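Novice: Have a look at the structure that comes next, please.
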Amino acid sequence: MFLDKLDNYTVLDIMSTNVLKIHYKSSRKEAIKKMLDHKVEDIVVYNDEDQIMAVLTFKDIIRSVETEENLEKAVAIHGTQDVVSIDEGAKAIEARNLMRKKSIGRVPVIKENKVVGIVRIHDILNKVYSKIDEMHEALGHILHNLHEGVCVIDKNKIVILWSKQAEKLYRVKSEEIVGRQLEEFFPTALLLRALQENKPIENVYHSPRKGSYAIISAIPIFIGDELVAAVSTDRDITETANLSIELETTKEKLDYLQMEVNKINEAQYSFDKVFGKSEIIKEKIDKATQVASTNSSVLIGGESGTGKEVFARAIHQASGRKGPFVAINCSAIPESLFESEMFGYEGGAFTGALNKGKVGKVELADKGTLFLDEIGDMPLYMQAKLLRVLQDRQVVRVGGEDPIDIDIRIISATHRNLKTMVAQGSFREDLFYRLNVVSIQLPSLKYRKEDIPIFMRQFMNEFCKENNLSLPKINAEVFHALMNYDWPGNIRELKNTVEHLVVFSKNREITMESIPEEILEKVQDADNTDVTQTYDLQENIKSIEMDIIRKAMEAADGNKKQAAKLLNIPRSTLYYKIKFYNIKEYL
């Protein structure tokens, strides 16, 4: 195999220029002395025309007829008519083949009919051995720097190579094991089995010691049909195995935590936590409970702070869907990022995109519920894309081509009048009907004031417990004032106000001084207005009618036909009064 490498060399690369020449009439003694002085084993003999007659070795000269003093007889015995020679530009492999064919150990090198060197068989062997040494050194360097541990044994099971990685993996030094039987150290080694069975054994999982793991492959080595050795590679997977174990443990912990979070969510967002004893809110809870077990889309309407997301989460918890509840606030996402946030994107889909891509909110909600808060603020172009997703039940990431199947339930919420937006062309009619399969209109807090004390007690208990405060008392006049306030911010405003009341309570008592100034001023203005208008019949009738109409519309989820039935008046009369009293939310 190594001799084939001679193809890369020329005669010039390997020849010796230490060439001795002598005339054939010279004496044997002179030739021998010359060879001894120059420490060479051969000499070129030439004639009067400076032509090569022979290449004689020391033995050739000694074995010649002893009575002959000159070299003429030796040339006659060992020389030939045509002395074999080779050109300096020839391949080294040609010189070797020529010497093998002619059964000679050296060949002179000719340039322009003159001897310029000589190629000897040991020159070739030296070059080969040098190459072998280089390759052996390179091979050793490669083996010792592999990530795999390498062991080679001969057919007698004696270790002839043990790499540095094998030392590290098995904690056995090379000087301890090389030259000894492998079974002295590893009686059940896979390499021994491969040698015995004369067949390769691949990718066997193994733990050399506690906390250490490897994948082993062992292969027998044949030259022709003869088994001469076996080699094994041991890939250290300790770090990978430990990471896998750690990930599995972490997954179990996450699964447990997810289960606990689900329990908390079930308790926190169940319909039992939707507070209120007013008839109107009980009616909404009953409706939401009834639709929860279906996959129907739900549209929840109502002013800001009326608890639309609480209702949405309660519907999800009661639905039994296995996937997560994923909320998107359509009014909080920049229009340029809407599509990538909703549908995700592939790596490198646009400037600034993550290399690994990103999963969109719709995809995250698979098997669960997608809550689209403030759906009325969704851009028109996104409405069309969302409609396509709902129709096909598939989503395609930005920059991607392959559709991804999804199973989601849509719950939407808005404080806007989507019917008016449809009429104005700012909301798609087909999407509206897709989302508005079941409509639930949540009442404002001012239409369920009997629930205010319930909320106040709950919020006060939560805030005091969270801040390690004792529960204060509330003066009756504070209750009266808060009951007479319209709460434009609804439940959210009430919660913030309760925290303000507790913070500014004195001596564990909430007084009128604890009420925020802006609320107190409006309550006092309303009281003064009530005093001056107490006997104004028309104003009182107007206030009562507006209040009753709003309650009826809330109960009918904005449906004027049903509201008219509840009020026991013609629908045309209801339209007239809504317009006459300028009840803007129902115009």
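Labels for the structure tokens follow display order: chains A, B, ..., residues from 1 in each chain, ligands from 1.
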As an MDAnalysis selection string, which residues of range 244-469 of chain A does DSSP assign to helix (DSSP H, G or I)?

Specialist: chainID A and resid 244:268 271:273 279:292 308:319 335:343 361:364 375:377 380:392 418:424 429:435 445:447 449:466

Novice: Counting only C-alpha atoms, what is within 12 Å of Met421 in chain A, bar same-chain residues fewer than 6 positions away, as an MDAnalysis selection string?

Specialist: chainID A and resid 375:378 380 414:415 427:429 431:432

Novice: So that I have them on file, write out the residues from the current selection with C-alpha atoms, as an mmCIF file, in the first residue's frame.

Specialist:
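So the final result, stored in part-v2.cif, reads:
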data_model
loop_
_atom_site.group_PDB
_atom_site.id
_atom_site.type_symbol
_atom_site.label_atom_id
_atom_site.label_comp_id
_atom_site.auth_asym_id
_atom_site.auth_seq_id
_atom_site.Cartn_x
_atom_site.Cartn_y
_atom_site.Cartn_z
ATOM 1 C CA ILE A 375 -61.675 42.571 18.117
ATOM 2 C CA GLY A 376 -63.120 45.813 16.767
ATOM 3 C CA ASP A 377 -59.580 47.230 16.591
ATOM 4 C CA MET A 378 -58.298 44.475 14.264
ATOM 5 C CA LEU A 380 -59.320 45.037 7.879
ATOM 6 C CA THR A 414 -65.306 44.329 22.240
ATOM 7 C CA HIS A 415 -66.653 47.534 23.728
ATOM 8 C CA PHE A 427 -65.596 45.535 10.009
ATOM 9 C CA ARG A 428 -66.180 42.570 7.701
ATOM 10 C CA GLU A 429 -69.746 41.310 7.755
ATOM 11 C CA LEU A 431 -66.274 37.712 9.939
ATOM 12 C CA PHE A 432 -68.893 39.307 12.222
#

Novice: In Å to one decimal, how far is CA of Asn198 in chain A from CA of Leu227 in chain A?

Specialist: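 Between CA of Leu227 in chain A and CA of Asn198 in chain A the gap is 7.8 Å.
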
Novice: Find, counting only C-alpha atoms, the residue in A:Val396, A:Leu435, A:Leu566, A:Ile454 that gets nearest to Ser296 in chain A.

Specialist: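 The closest residue to Ser296 in chain A is A:Leu435.
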
Novice: Got a sec: who's within 7 Å of range 476-493 of chain A, counting only C-alpha atoms, leaving out chain neighbours fewer than 4 positions off, as a ChimeraX atom specification?

Specialist: /A:304-306,444-446,449,497,511-512,523

Novice: Output C-alpha atoms of each residue in that selection to a file, as a PDB file, in the first residue's frame.

Specialist:
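Heads up, here's the output in out_31.pdb:
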ATOM      1  CA  SER A 304     -64.296  48.437  29.420  1.00  0.00           C
ATOM      2  CA  GLY A 305     -63.884  46.931  32.879  1.00  0.00           C
ATOM      3  CA  THR A 306     -67.079  44.880  32.864  1.00  0.00           C
ATOM      4  CA  SER A 444     -72.254  48.034  33.104  1.00  0.00           C
ATOM      5  CA  LEU A 445     -71.776  48.216  36.867  1.00  0.00           C
ATOM      6  CA  LYS A 446     -74.255  51.081  37.160  1.00  0.00           C
ATOM      7  CA  LYS A 449     -75.422  48.283  41.706  1.00  0.00           C
ATOM      8  CA  THR A 497     -61.051  52.567  44.325  1.00  0.00           C
ATOM      9  CA  THR A 511     -64.629  57.324  56.052  1.00  0.00           C
ATOM     10  CA  MET A 512     -65.768  59.840  53.461  1.00  0.00           C
ATOM     11  CA  VAL A 523     -71.293  62.002  43.959  1.00  0.00           C
TER      12      VAL A 523
END

Novice: What parts of range 343-429 of chain A does DSSP call strand (DSSP E or B)? I'd like the answer as a list of chain:residue names.

Specialist: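 Checking each residue of range 343-429 of chain A, the strand (DSSP E or B) ones are A:Gly344, A:Tyr345, A:Lys358, A:Val359, A:Thr369, A:Leu370, A:Phe371, A:Leu372, A:Asp373, A:Gln394, A:Val395, A:Val398, A:Ile404, A:Asp405, A:Arg409, A:Ile410, A:Ile411, A:Ser412, A:Ala413, A:Thr414.
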
Novice: Between A:Gln181, A:Thr10, A:Gln317, A:Thr289, which residue has the minimum interatomic distance to Ala92 in chain A, considering only C-alpha atoms?

Specialist: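 Among A:Gln181, A:Thr10, A:Gln317, A:Thr289, it is A:Thr10 that comes nearest to Ala92 in chain A.
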
Novice: Measuring atom to atom with only C-alpha atoms, identify which of A:His23, A:Lys419, A:Lys101, A:Lys164 is nearest to Leu587 in chain A.

Specialist: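 Checking each candidate against Leu587 in chain A, we get A:Lys419 as the closest.
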
Novice: Would you list the contacts of range 308-315 of chain A as a list in words, taking every protein, DNA or RNA residue within 7 Å and counting only C-alpha atoms, but skipping same-chain residues closer than 4 positions in sequence?

Specialist: Tyr269, Ser270, Phe271, Ala288, Thr289, Ala292, Ile300, Ser319, Ile411 and Ala413 of chain A

Novice: When distances are computed from only C-alpha atoms, which of A:Gly399, A:Gly117, A:Gly105, A:Pro472 shows the smallest separation from Asn18 in chain A?

Specialist: A:Gly117

Novice: Skipping near chain neighbours, those fewer than 3 positions away, what residues fall within 12 Å of range 36-46 of chain A using only C-alpha atoms, listed as an MDAnalysis selection string?

Specialist: chainID A and resid 16:33 49:62 70:76 78:80 83:85 105:109 114:120 122

Novice: With only C-alpha atoms as the counted atoms, please give the residues lying no more than 7 Å from Glu363 in chain A, apart from itself and same-chain residues fewer than 4 positions off, as a PyMOL selection string.

Specialist: chain A and resi 343+359+406

Novice: Given the choices A:Pro187, A:Pro324, A:Gly344, A:Pro443, which gets closest to Phe371 in chain A if the distance is worked out from only C-alpha atoms?

Specialist: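 Looking only at the distances to Phe371 in chain A, the closest residue turns out to be A:Pro324.
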
Novice: Expressed in Å to a single decimal, how great is the separation between CA of Pro516 in chain A and CA of Phe504 in chain A?

Specialist: 9.4 Å

Novice: With distances taken over only C-alpha atoms, which residue among A:Asp234, A:Ile333, A:Lys199, A:Gln441 lies nearest Trp162 in chain A?

Specialist: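 Result for the nearest residue to Trp162 in chain A: A:Asp234.
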